[in-house]
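**Q** I have a structure I would like to understand better, so I am pasting it below and will then ask my questions one at a time.
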Amino acid sequence: MKTRLSNYLSRKNDDEGSDFYYFGEVNVVQAEQEEFQVNSDKIEPIVKVQLKLKNTVRQDKYKLFEK
C-alpha cells in the first residue's frame with residue numbers, strides 16, 4: 001500500500017490568523033537525514049525532503065505566495 005502525500009501551505013494573515021491552502025498531491029524526489037544544532041549542547045536529527053507536485057498549481061493560488 002502506498003502512502004499519499006498532500007501539500008498544504010499556510011499564509012499568515014495578521015487580522016484573521018492562518019489560512020491553509022491545498023496545493024495537491026506530491027511525490028518525494030529526495031530525502032536525506034542531517035543534524036540540526038539546537039543550541040551549544042544539543043544536536044537533533046532532522047530529515048530534509050524535496051517534494052514535487054504531481055500537478056501544476058493554479059495561477060490564482062500561486063500568486064497568493066508570490067510576494
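Note on naming: chains are A, B, ... as they come in the C-alpha cells, residues start from 1 per chain, ligands start from 1 in the order shown.
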For stretch 18-33 of chain A, list every protein, DNA or RNA residue within 10 Å, evaluated using only C-alpha atoms, and leave out those in the same chain fewer than 2 positions away; present the list as a PyMOL selection string.
**A** chain A and resi 4-16+35-36+45-58+61-62+64
**Q** For the selection just defined, write its residues with N, CA and C atoms to a file, as an mmCIF file, in the first residue's frame.
**A**
```cif
data_model
loop_
_atom_site.group_PDB
_atom_site.id
_atom_site.type_symbol
_atom_site.label_atom_id
_atom_site.label_comp_id
_atom_site.auth_asym_id
_atom_site.auth_seq_id
_atom_site.Cartn_x
_atom_site.Cartn_y
_atom_site.Cartn_z
ATOM 1 N N ARG A 4 -0.245 8.305 0.451
ATOM 2 C CA ARG A 4 -0.494 9.544 -0.299
ATOM 3 C C ARG A 4 0.027 10.714 0.508
ATOM 4 N N LEU A 5 0.770 11.590 -0.152
ATOM 5 C CA LEU A 5 1.251 12.810 0.493
ATOM 6 C C LEU A 5 0.583 14.007 -0.158
ATOM 7 N N SER A 6 0.054 14.888 0.669
ATOM 8 C CA SER A 6 -0.585 16.103 0.180
ATOM 9 C C SER A 6 0.174 17.313 0.694
ATOM 10 N N ASN A 7 0.141 18.381 -0.088
ATOM 11 C CA ASN A 7 0.860 19.599 0.261
ATOM 12 C C ASN A 7 -0.134 20.697 0.605
ATOM 13 N N TYR A 8 -0.013 21.235 1.812
ATOM 14 C CA TYR A 8 -0.800 22.380 2.261
ATOM 15 C C TYR A 8 0.174 23.481 2.638
ATOM 16 N N LEU A 9 -0.123 24.696 2.234
ATOM 17 C CA LEU A 9 0.707 25.834 2.606
ATOM 18 C C LEU A 9 -0.104 26.763 3.488
ATOM 19 N N SER A 10 0.588 27.387 4.432
ATOM 20 C CA SER A 10 -0.057 28.314 5.342
ATOM 21 C C SER A 10 0.357 29.734 4.974
ATOM 22 N N ARG A 11 -0.603 30.587 4.953
ATOM 23 C CA ARG A 11 -0.341 32.005 4.705
ATOM 24 C C ARG A 11 -0.866 32.776 5.900
ATOM 25 N N LYS A 12 0.028 33.384 6.636
ATOM 26 C CA LYS A 12 -0.363 34.103 7.848
ATOM 27 C C LYS A 12 -1.048 35.405 7.477
ATOM 28 N N ASN A 13 -2.183 35.595 8.071
ATOM 29 C CA ASN A 13 -2.931 36.829 7.901
ATOM 30 C C ASN A 13 -3.076 37.430 9.290
ATOM 31 N N ASP A 14 -2.461 38.574 9.534
ATOM 32 C CA ASP A 14 -2.444 39.166 10.873
ATOM 33 C C ASP A 14 -3.838 39.451 11.427
ATOM 34 N N ASP A 15 -4.799 39.695 10.550
ATOM 35 C CA ASP A 15 -6.151 40.011 11.013
ATOM 36 C C ASP A 15 -6.932 38.777 11.446
ATOM 37 N N GLU A 16 -6.724 37.656 10.747
ATOM 38 C CA GLU A 16 -7.581 36.506 10.965
ATOM 39 C C GLU A 16 -6.848 35.221 11.338
ATOM 40 N N GLU A 35 21.793 16.720 10.650
ATOM 41 C CA GLU A 35 21.734 17.106 12.062
ATOM 42 C C GLU A 35 21.530 18.606 12.157
ATOM 43 N N PHE A 36 20.788 19.017 13.181
ATOM 44 C CA PHE A 36 20.470 20.427 13.401
ATOM 45 C C PHE A 36 20.967 20.820 14.786
ATOM 46 N N PRO A 45 18.488 15.173 15.155
ATOM 47 C CA PRO A 45 18.421 14.675 13.780
ATOM 48 C C PRO A 45 17.191 15.248 13.072
ATOM 49 N N ILE A 46 17.355 15.619 11.818
ATOM 50 C CA ILE A 46 16.236 16.094 11.003
ATOM 51 C C ILE A 46 16.295 15.389 9.650
ATOM 52 N N VAL A 47 15.217 15.427 8.926
ATOM 53 C CA VAL A 47 15.186 14.878 7.576
ATOM 54 C C VAL A 47 14.782 16.001 6.626
ATOM 55 N N LYS A 48 15.633 16.263 5.625
ATOM 56 C CA LYS A 48 15.318 17.230 4.581
ATOM 57 C C LYS A 48 14.677 16.469 3.436
ATOM 58 N N VAL A 49 13.518 16.948 2.984
ATOM 59 C CA VAL A 49 12.775 16.256 1.945
ATOM 60 C C VAL A 49 12.489 17.227 0.802
ATOM 61 N N GLN A 50 12.805 16.816 -0.412
ATOM 62 C CA GLN A 50 12.453 17.590 -1.599
ATOM 63 C C GLN A 50 11.223 16.943 -2.219
ATOM 64 N N LEU A 51 10.192 17.765 -2.439
ATOM 65 C CA LEU A 51 8.924 17.278 -2.966
ATOM 66 C C LEU A 51 8.668 17.867 -4.348
ATOM 67 N N LYS A 52 7.897 17.141 -5.155
ATOM 68 C CA LYS A 52 7.476 17.639 -6.462
ATOM 69 C C LYS A 52 5.970 17.448 -6.574
ATOM 70 N N LEU A 53 5.283 18.530 -6.909
ATOM 71 C CA LEU A 53 3.840 18.462 -7.096
ATOM 72 C C LEU A 53 3.505 17.586 -8.295
ATOM 73 N N LYS A 54 2.452 16.783 -8.164
ATOM 74 C CA LYS A 54 2.024 15.928 -9.274
ATOM 75 C C LYS A 54 1.366 16.733 -10.382
ATOM 76 N N ASN A 55 0.706 17.834 -10.014
ATOM 77 C CA ASN A 55 0.001 18.664 -10.988
ATOM 78 C C ASN A 55 0.413 20.122 -10.834
ATOM 79 N N THR A 56 0.215 20.875 -11.881
ATOM 80 C CA THR A 56 0.523 22.298 -11.868
ATOM 81 C C THR A 56 -0.406 23.030 -10.907
ATOM 82 N N VAL A 57 0.148 24.021 -10.215
ATOM 83 C CA VAL A 57 -0.636 24.838 -9.285
ATOM 84 C C VAL A 57 -1.420 25.880 -10.074
ATOM 85 N N ARG A 58 -2.665 26.072 -9.666
ATOM 86 C CA ARG A 58 -3.479 27.118 -10.304
ATOM 87 C C ARG A 58 -2.811 28.479 -10.108
ATOM 88 N N LYS A 61 -3.741 30.624 -6.953
ATOM 89 C CA LYS A 61 -3.125 30.171 -5.695
ATOM 90 C C LYS A 61 -1.645 30.543 -5.649
ATOM 91 N N TYR A 62 -0.972 30.368 -6.778
ATOM 92 C CA TYR A 62 0.451 30.690 -6.839
ATOM 93 C C TYR A 62 0.683 32.162 -6.504
ATOM 94 N N LEU A 64 -0.875 34.093 -4.555
ATOM 95 C CA LEU A 64 -1.016 34.373 -3.120
ATOM 96 C C LEU A 64 0.325 34.271 -2.397
#
```
**Q** I need the residues in chain A that are strand (DSSP E) according to DSSP; give them as a ChimeraX atom specification.
**A** /A:5-13,17-37,43-53
**Q** Can you check which residues of chain A DSSP gives as alpha helix (DSSP H) on the backbone and send them as an NGL selection string?
**A** :A and (59-64)
**Q** For those residues, write C-alpha atoms to a file as a PDB file, in the first residue's frame.
**A**
```pdb
ATOM      1  CA  GLN A  59      -2.223  30.631 -11.092  1.00  0.00           C
ATOM      2  CA  ASP A  60      -4.512  32.326  -8.539  1.00  0.00           C
ATOM      3  CA  LYS A  61      -3.125  30.171  -5.695  1.00  0.00           C
ATOM      4  CA  TYR A  62       0.451  30.690  -6.839  1.00  0.00           C
ATOM      5  CA  LYS A  63       0.022  34.472  -6.799  1.00  0.00           C
ATOM      6  CA  LEU A  64      -1.016  34.373  -3.120  1.00  0.00           C
TER       7      LEU A  64
END
```
